[in-house]
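The data block below is input-v7.cif; it holds mmCIF, C-alpha atoms and all ligand atoms.
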data_structure
loop_
_atom_site.label_atom_id
_atom_site.label_comp_id
_atom_site.auth_asym_id
_atom_site.auth_seq_id
_atom_site.Cartn_x
_atom_site.Cartn_y
_atom_site.Cartn_z
CA MET A 1 115.00 93.71 67.32
CA SER A 2 116.85 94.14 64.03
CA LYS A 3 120.46 95.20 64.56
CA SER A 4 122.01 97.86 62.40
CA THR A 5 125.10 100.06 62.30
CA PRO A 6 126.00 102.98 60.02
CA HIS A 7 127.51 100.45 57.59
CA ILE A 8 125.58 97.18 58.00
CA LYS A 9 121.78 96.93 57.94
CA SER A 10 120.98 93.26 58.33
CA ASP A 11 117.15 93.49 58.42
CA ASN A 12 116.93 90.61 60.91
CA ILE A 13 118.88 88.29 58.61
CA LYS A 14 121.36 86.32 60.69
CA ILE A 15 125.08 86.82 60.19
CA ALA A 16 126.82 83.50 60.88
CA GLU A 17 129.47 83.08 63.58
CA THR A 18 131.99 82.33 60.82
CA ILE A 19 132.41 84.85 58.00
CA LEU A 20 134.67 85.07 54.95
CA LEU A 21 135.89 88.57 54.20
CA PRO A 22 137.18 89.41 50.70
CA GLY A 23 138.10 93.03 50.03
CA ASP A 24 136.04 93.04 46.84
CA PRO A 25 132.25 92.88 47.40
CA LEU A 26 131.88 91.23 43.99
CA ARG A 27 134.16 88.44 45.18
CA ALA A 28 131.75 88.05 48.11
CA LYS A 29 128.88 87.70 45.62
CA TYR A 30 130.90 85.23 43.55
CA ILE A 31 131.52 83.05 46.63
CA ALA A 32 127.83 83.20 47.64
CA ASP A 33 126.62 82.42 44.10
CA ASN A 34 129.04 79.58 43.44
CA PHE A 35 129.70 77.86 46.75
CA LEU A 36 126.76 78.48 49.12
CA GLU A 37 123.23 77.10 49.32
CA ASN A 38 120.08 78.83 50.58
CA VAL A 39 121.72 82.24 50.20
CA VAL A 40 120.18 85.44 51.51
CA GLN A 41 121.72 88.90 51.18
CA PHE A 42 122.08 90.61 54.57
CA ASN A 43 123.82 93.81 53.55
CA GLY A 44 123.75 96.23 50.65
CA VAL A 45 124.72 99.48 52.37
CA ARG A 46 127.30 101.25 50.16
CA ASN A 47 127.15 98.15 47.91
CA MET A 48 129.30 96.35 50.47
CA LEU A 49 127.51 93.10 49.72
CA GLY A 50 127.05 90.56 52.50
CA PHE A 51 125.38 87.13 52.31
CA THR A 52 124.50 84.26 54.64
CA GLY A 53 124.06 80.70 53.40
CA ALA A 54 125.24 77.16 54.01
CA TYR A 55 128.35 75.28 52.95
CA LYS A 56 128.12 71.48 53.27
CA GLY A 57 125.23 72.04 55.67
CA LYS A 58 127.07 74.50 57.93
CA GLU A 59 125.96 78.12 58.24
CA ILE A 60 128.47 80.66 56.97
CA SER A 61 128.46 84.31 55.87
CA VAL A 62 130.56 86.22 53.37
CA MET A 63 130.93 89.98 53.03
CA GLY A 64 133.21 92.50 51.32
CA THR A 65 135.36 94.78 53.48
CA GLY A 66 136.64 97.32 50.94
CA MET A 67 140.29 98.25 50.65
CA GLY A 68 142.61 99.36 53.42
CA MET A 69 142.73 99.21 57.18
CA PRO A 70 140.19 101.96 57.96
CA SER A 71 137.58 100.07 55.93
CA MET A 72 138.49 96.64 57.38
CA GLY A 73 138.61 98.27 60.82
CA ILE A 74 135.01 99.47 60.51
CA TYR A 75 133.46 96.31 59.09
CA SER A 76 135.28 93.81 61.30
CA TRP A 77 134.61 95.90 64.45
CA GLU A 78 130.87 96.03 63.70
CA LEU A 79 130.69 92.33 62.77
CA ILE A 80 132.43 91.34 66.00
CA ASN A 81 131.05 93.82 68.50
CA VAL A 82 127.50 94.35 67.21
CA PHE A 83 126.67 91.16 65.29
CA GLY A 84 128.59 88.65 67.45
CA VAL A 85 130.77 87.13 64.71
CA LYS A 86 133.42 84.83 66.21
CA ASN A 87 135.57 83.54 63.32
CA LEU A 88 136.67 86.10 60.71
CA ILE A 89 138.61 84.83 57.71
CA ARG A 90 139.97 87.33 55.24
CA VAL A 91 140.28 85.91 51.72
CA GLY A 92 142.35 88.42 49.78
CA SER A 93 144.81 88.99 46.99
CA CYS A 94 148.41 89.99 47.57
CA GLY A 95 151.62 90.94 45.84
CA ALA A 96 154.33 88.31 46.35
CA LEU A 97 157.55 89.56 47.92
CA GLN A 98 159.69 86.43 47.52
CA GLU A 99 160.93 84.90 44.29
CA ASN A 100 159.72 81.37 45.05
CA LEU A 101 156.09 82.53 45.16
CA LYS A 102 154.11 82.05 41.94
CA LEU A 103 150.79 83.49 40.74
CA TYR A 104 147.86 81.74 42.48
CA ASP A 105 150.03 80.39 45.33
CA VAL A 106 148.21 80.46 48.68
CA ILE A 107 149.61 82.13 51.80
CA LEU A 108 148.40 81.78 55.41
CA GLY A 109 149.39 84.93 57.28
CA ILE A 110 150.78 83.84 60.65
CA GLY A 111 151.59 87.47 61.46
CA ALA A 112 150.76 90.81 59.86
CA SER A 113 153.52 93.40 60.00
CA THR A 114 152.31 96.87 59.16
CA ASN A 115 153.27 100.46 58.41
CA SER A 116 149.87 101.56 59.76
CA ASN A 117 149.23 103.50 62.96
CA TYR A 118 146.17 101.38 63.82
CA ALA A 119 147.69 99.98 67.02
CA SER A 120 148.24 103.46 68.51
CA GLN A 121 144.62 103.47 69.78
CA TYR A 122 145.55 100.77 72.33
CA GLU A 123 148.31 102.95 73.86
CA LEU A 124 150.57 99.94 74.39
CA PRO A 125 153.96 100.50 75.99
CA GLY A 126 155.74 98.87 73.02
CA THR A 127 155.20 97.45 69.53
CA TYR A 128 152.28 95.05 69.04
CA ALA A 129 152.68 91.96 66.83
CA PRO A 130 149.30 91.21 65.18
CA THR A 131 148.92 87.46 64.69
CA ALA A 132 146.42 84.96 63.32
CA SER A 133 144.44 82.77 65.71
CA TRP A 134 146.21 79.47 66.15
CA LYS A 135 142.86 77.63 66.13
CA LEU A 136 142.04 78.84 62.59
CA LEU A 137 145.60 78.66 61.30
CA GLU A 138 146.11 75.06 62.43
CA LYS A 139 142.74 74.01 61.00
CA ALA A 140 143.41 75.78 57.69
CA LYS A 141 146.75 73.98 57.31
CA LYS A 142 145.08 70.61 58.01
CA ILE A 143 142.37 71.34 55.42
CA ALA A 144 145.01 72.37 52.86
CA ASP A 145 146.94 69.13 53.48
CA GLU A 146 143.77 67.04 53.07
CA LYS A 147 143.04 68.80 49.77
CA ASN A 148 146.65 68.56 48.57
CA ILE A 149 146.89 72.36 48.34
CA ASP A 150 150.40 73.71 48.98
CA VAL A 151 150.39 76.70 51.30
CA HIS A 152 153.13 79.10 52.35
CA ILE A 153 152.86 80.09 56.01
CA GLY A 154 154.61 83.20 57.27
CA ASN A 155 154.61 86.90 57.88
CA ILE A 156 152.69 89.23 55.58
CA LEU A 157 152.70 93.02 55.28
CA SER A 158 149.52 95.05 55.71
CA SER A 159 150.38 98.31 54.00
CA ASP A 160 148.57 101.64 54.00
CA ILE A 161 150.22 102.42 50.67
CA PHE A 162 149.51 100.75 47.31
CA TYR A 163 151.47 103.28 45.20
CA ASN A 164 154.57 103.94 47.29
CA ASP A 165 156.68 106.98 46.35
CA ASN A 166 159.71 105.20 47.79
CA PRO A 167 160.63 102.20 45.58
CA ASP A 168 163.04 100.88 48.23
CA ALA A 169 160.47 100.59 51.03
CA ILE A 170 159.15 97.21 49.94
CA LYS A 171 162.70 95.81 49.59
CA LYS A 172 163.23 96.25 53.33
CA TRP A 173 160.22 94.03 54.05
CA MET A 174 161.49 91.49 51.49
CA ASN A 175 164.80 91.41 53.37
CA MET A 176 162.88 90.39 56.52
CA GLY A 177 161.39 87.38 54.71
CA VAL A 178 157.87 88.81 54.49
CA LEU A 179 155.91 86.72 51.99
CA GLY A 180 153.35 89.11 50.54
CA VAL A 181 151.85 92.58 50.72
CA GLU A 182 148.15 93.35 51.16
CA MET A 183 146.25 96.11 52.95
CA GLU A 184 143.89 94.83 55.71
CA ALA A 185 145.04 91.85 57.80
CA ALA A 186 146.74 93.78 60.62
CA ALA A 187 143.57 95.71 61.45
CA LEU A 188 141.52 92.51 61.36
CA TYR A 189 143.98 90.70 63.65
CA MET A 190 143.98 93.62 66.10
CA ASN A 191 140.20 94.00 66.25
CA ALA A 192 139.86 90.24 66.77
CA ALA A 193 142.53 90.14 69.49
CA ARG A 194 140.99 93.09 71.33
CA ALA A 195 137.60 91.37 71.39
CA GLY A 196 138.92 87.84 72.09
CA VAL A 197 137.65 86.29 68.84
CA ASN A 198 139.41 84.41 66.02
CA ALA A 199 140.86 85.77 62.79
CA LEU A 200 142.94 84.45 59.92
CA CYS A 201 144.11 85.98 56.65
CA ILE A 202 144.37 83.66 53.65
CA LEU A 203 145.85 85.23 50.53
CA THR A 204 146.26 84.29 46.89
CA VAL A 205 149.19 85.76 44.98
CA SER A 206 147.71 88.08 42.33
CA ASP A 207 151.01 89.60 41.24
CA ASN A 208 154.69 89.25 41.93
CA ILE A 209 156.47 92.48 42.73
CA LEU A 210 159.85 90.97 41.73
CA THR A 211 158.88 89.30 38.46
CA GLN A 212 156.08 91.77 37.48
CA GLU A 213 153.69 88.89 36.63
CA GLU A 214 150.05 89.75 37.36
CA THR A 215 146.46 88.49 37.13
CA THR A 216 143.49 90.36 35.61
CA PRO A 217 140.69 92.03 37.65
CA GLU A 218 138.28 89.27 36.48
CA GLU A 219 140.65 86.59 37.76
CA ARG A 220 140.94 88.42 41.09
CA GLN A 221 137.15 88.24 41.38
CA THR A 222 136.72 84.58 40.52
CA ALA A 223 139.87 82.50 40.04
CA PHE A 224 140.98 82.14 43.63
CA THR A 225 139.22 78.83 44.26
CA LYS A 226 141.96 77.04 46.27
CA MET A 227 141.90 79.79 48.89
CA MET A 228 138.10 79.82 48.96
CA GLU A 229 137.87 76.05 49.41
CA ILE A 230 140.19 76.18 52.43
CA ALA A 231 138.29 79.12 53.95
CA LEU A 232 134.83 77.61 53.43
CA GLU A 233 135.83 74.40 55.24
CA LEU A 234 136.51 76.53 58.34
CA ALA A 235 132.75 76.87 58.93
CA GLU A 236 131.85 75.29 62.28
O1 LIG B 301 141.86 91.47 46.88
P1 LIG B 301 141.62 92.23 48.16
O2 LIG B 301 140.97 91.38 49.19
O3 LIG B 301 140.88 93.53 47.95
O4 LIG B 301 143.08 92.60 48.73
C1 LIG B 301 144.10 93.36 48.11
O5 LIG B 301 143.68 94.04 46.93
C2 LIG B 301 143.47 95.44 47.20
C3 LIG B 301 144.46 96.26 46.40
O6 LIG B 301 144.31 96.04 45.05
C4 LIG B 301 143.67 95.62 48.70
O7 LIG B 301 142.44 95.53 49.34
C5 LIG B 301 144.60 94.47 49.02
O8 LIG B 301 144.61 94.06 50.36
O1 LIG B 302 147.90 95.24 48.33
C1 LIG B 302 148.23 94.63 47.31
C2 LIG B 302 147.42 93.61 46.75
C3 LIG B 302 147.85 92.96 45.63
N1 LIG B 302 149.04 93.30 45.09
C4 LIG B 302 149.81 94.27 45.63
O2 LIG B 302 150.89 94.55 45.12
N2 LIG B 302 149.39 94.90 46.72
#
Now that the file is in, can you turn its structure into structure tokens?
Amino acid sequence: MSKSTPHIKSDNIKIAETILLPGDPLRAKYIADNFLENVVQFNGVRNMLGFTGAYKGKEISVMGTGMGMPSMGIYSWELINVFGVKNLIRVGSCGALQENLKLYDVILGIGASTNSNYASQYELPGTYAPTASWKLLEKAKKIADEKNIDVHIGNILSSDIFYNDNPDAIKKWMNMGVLGVEMEAAALYMNAARAGVNALCILTVSDNILTQEETTPEERQTAFTKMMEIALELAE
């Protein structure tokens, strides 16, 4: 029987156990068009494009998640709990929060701090620390080393706010050594942890909040190849 949810209608097309998740659905299409073989589109609901294909002979899927934790929360929950996805790798852009980070540098998010209330649903008697799966993180670092790609590994910030009214808020996260700001990883890490599956967030620096350098929307869609090459090699 064909599985479907309010947001993913796969029409019997298989979603692989390993999936790459860019925020931008056009980045998902770019990855499918340029890196995968035997590609079939499994989702088009709300134009949140999703594809399954093969990378170096291994089955892998790629799908957009939209922006922000509510959107990531929906798609990753459905992929895990309805479609049985086991390895979820976000491939996103971020704003760098440390001066040593340059445009196009790659970050592996070992933990995702957040200003979101997403964890409140679990009614934990304390503060939860959303983290990447060691299995994926360790493998990603090995792949990066083999490809001679430098990666920064550390804490990232998943923020609910892109345009913050308080200019000092981000400085407090910088003071804690947080490497970059994006908007989805914490929800992904929590959904994966709750279901006992694996997640990792790989980011490419698209702008630096301190130096004001930035990339163009076209570059954000296509020019993040180092991150994509690491993520694609995670297919099992
Ligand atoms: O490039 P993506 O994956 O969309 O990620 C970042 O870009 C968007 C903001 O411009 C947010 O989704 C943020 O997390
Ligand atoms: O969430 C994001 C993504 C890219 N750059 C930012 O400053 N914030």
Query raised in the report: Do you know which residues are at most 8 Å from Asn115 in chain A counting all atoms listed in the file, after dropping those on the same chain fewer than 2 positions away, and could you put them as number ranges by chain?
Result: A: 113, 117, 158-160
**Report entry** Protein and nucleic acid residues within 6 Å of ligand LIG 301 (chain B) (all atoms listed in the file) as a ChimeraX atom specification
**Finding:** /A:22-24,67-68,92-94,182-184
Query - Selection near Thr114 in chain A, 12 Å with all atoms listed in the file, sequence-local residues under 6 positions removed, as a list in words - result: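 Counting only the stated atoms, we get Gly68, Met69, Thr127, Tyr128, Ala129, Pro130, Thr131, Asn155, Ile156, Leu157, Ser158, Ser159, Asp160, Ile161, Ile170, Trp173, Val178, Gly180, Val181, Glu182, Met183, Glu184, Ala185, Ala186, Ala187, Leu188, Tyr189 and Met190 of chain A.
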Query raised in the report: At what distance in Å, to one decimal, does CA of Glu138 in chain A lie from CA of Gly177 in chain A?
Result: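 Distance reported for this atom pair: 21.1 Å.
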Query raised in the report: What lies within 8 Å of range 146-150 of chain A using all atoms listed in the file, ignoring chain neighbours under 5 positions off, as a list in words?
Result: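 The contact residues come out as Asp105, Val106 and Lys226 of chain A.
Proximity of A:Val151, A:Leu108, A:Ala235, A:Ala140 to Ala54 in chain A, computed with all atoms listed in the file, is greatest for A:Ala235.
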Requested in this report: Select, from A:His7, A:His152, A:Lys142, A:Arg46, the residue with the minimum atom-to-atom distance to Pro25 in chain A, counting all atoms listed in the file.
Outcome: A:Arg46
Requested in this report: Go ahead and compute the interatomic distance for CA of Leu136 in chain A and CA of Leu200 in chain A, in Å to one decimal.
Outcome: 6.3 Å
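Using all atoms listed in the file, the nearest neighbour of Ile230 in chain A within the list A:Leu137, A:Ile80, A:Ile153, A:Val40 is A:Leu137.
Between CA of Thr52 in chain A and CA of Tyr104 in chain A the separation is 26.5 Å.
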Query raised in the report: For ligand LIG 302 (chain B), which of A:Lys139, A:Lys86, A:Arg220, A:Arg27 is the closest residue, counting only C-alpha atoms and all ligand atoms?
Result: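 So, comparing all the options, the nearest one is A:Arg220.
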Query - Residues near Trp77 in chain A, cut-off 9 Å, all atoms listed in the file, skip fewer than 4 positions along chain, as number ranges by chain - result: A: 72-73, 81-82, 188, 191-192, 195
Starting from 5 Å padding per side, set up an axis-aligned box that covers all listed atoms of ligand LIG 302 (chain B) and hand over centre and edge lengths in Å, one decimal, as AutoDock Vina command-line options.
--center_x 149.2 --center_y 94.1 --center_z 46.7 --size_x 13.5 --size_y 12.3 --size_z 13.2
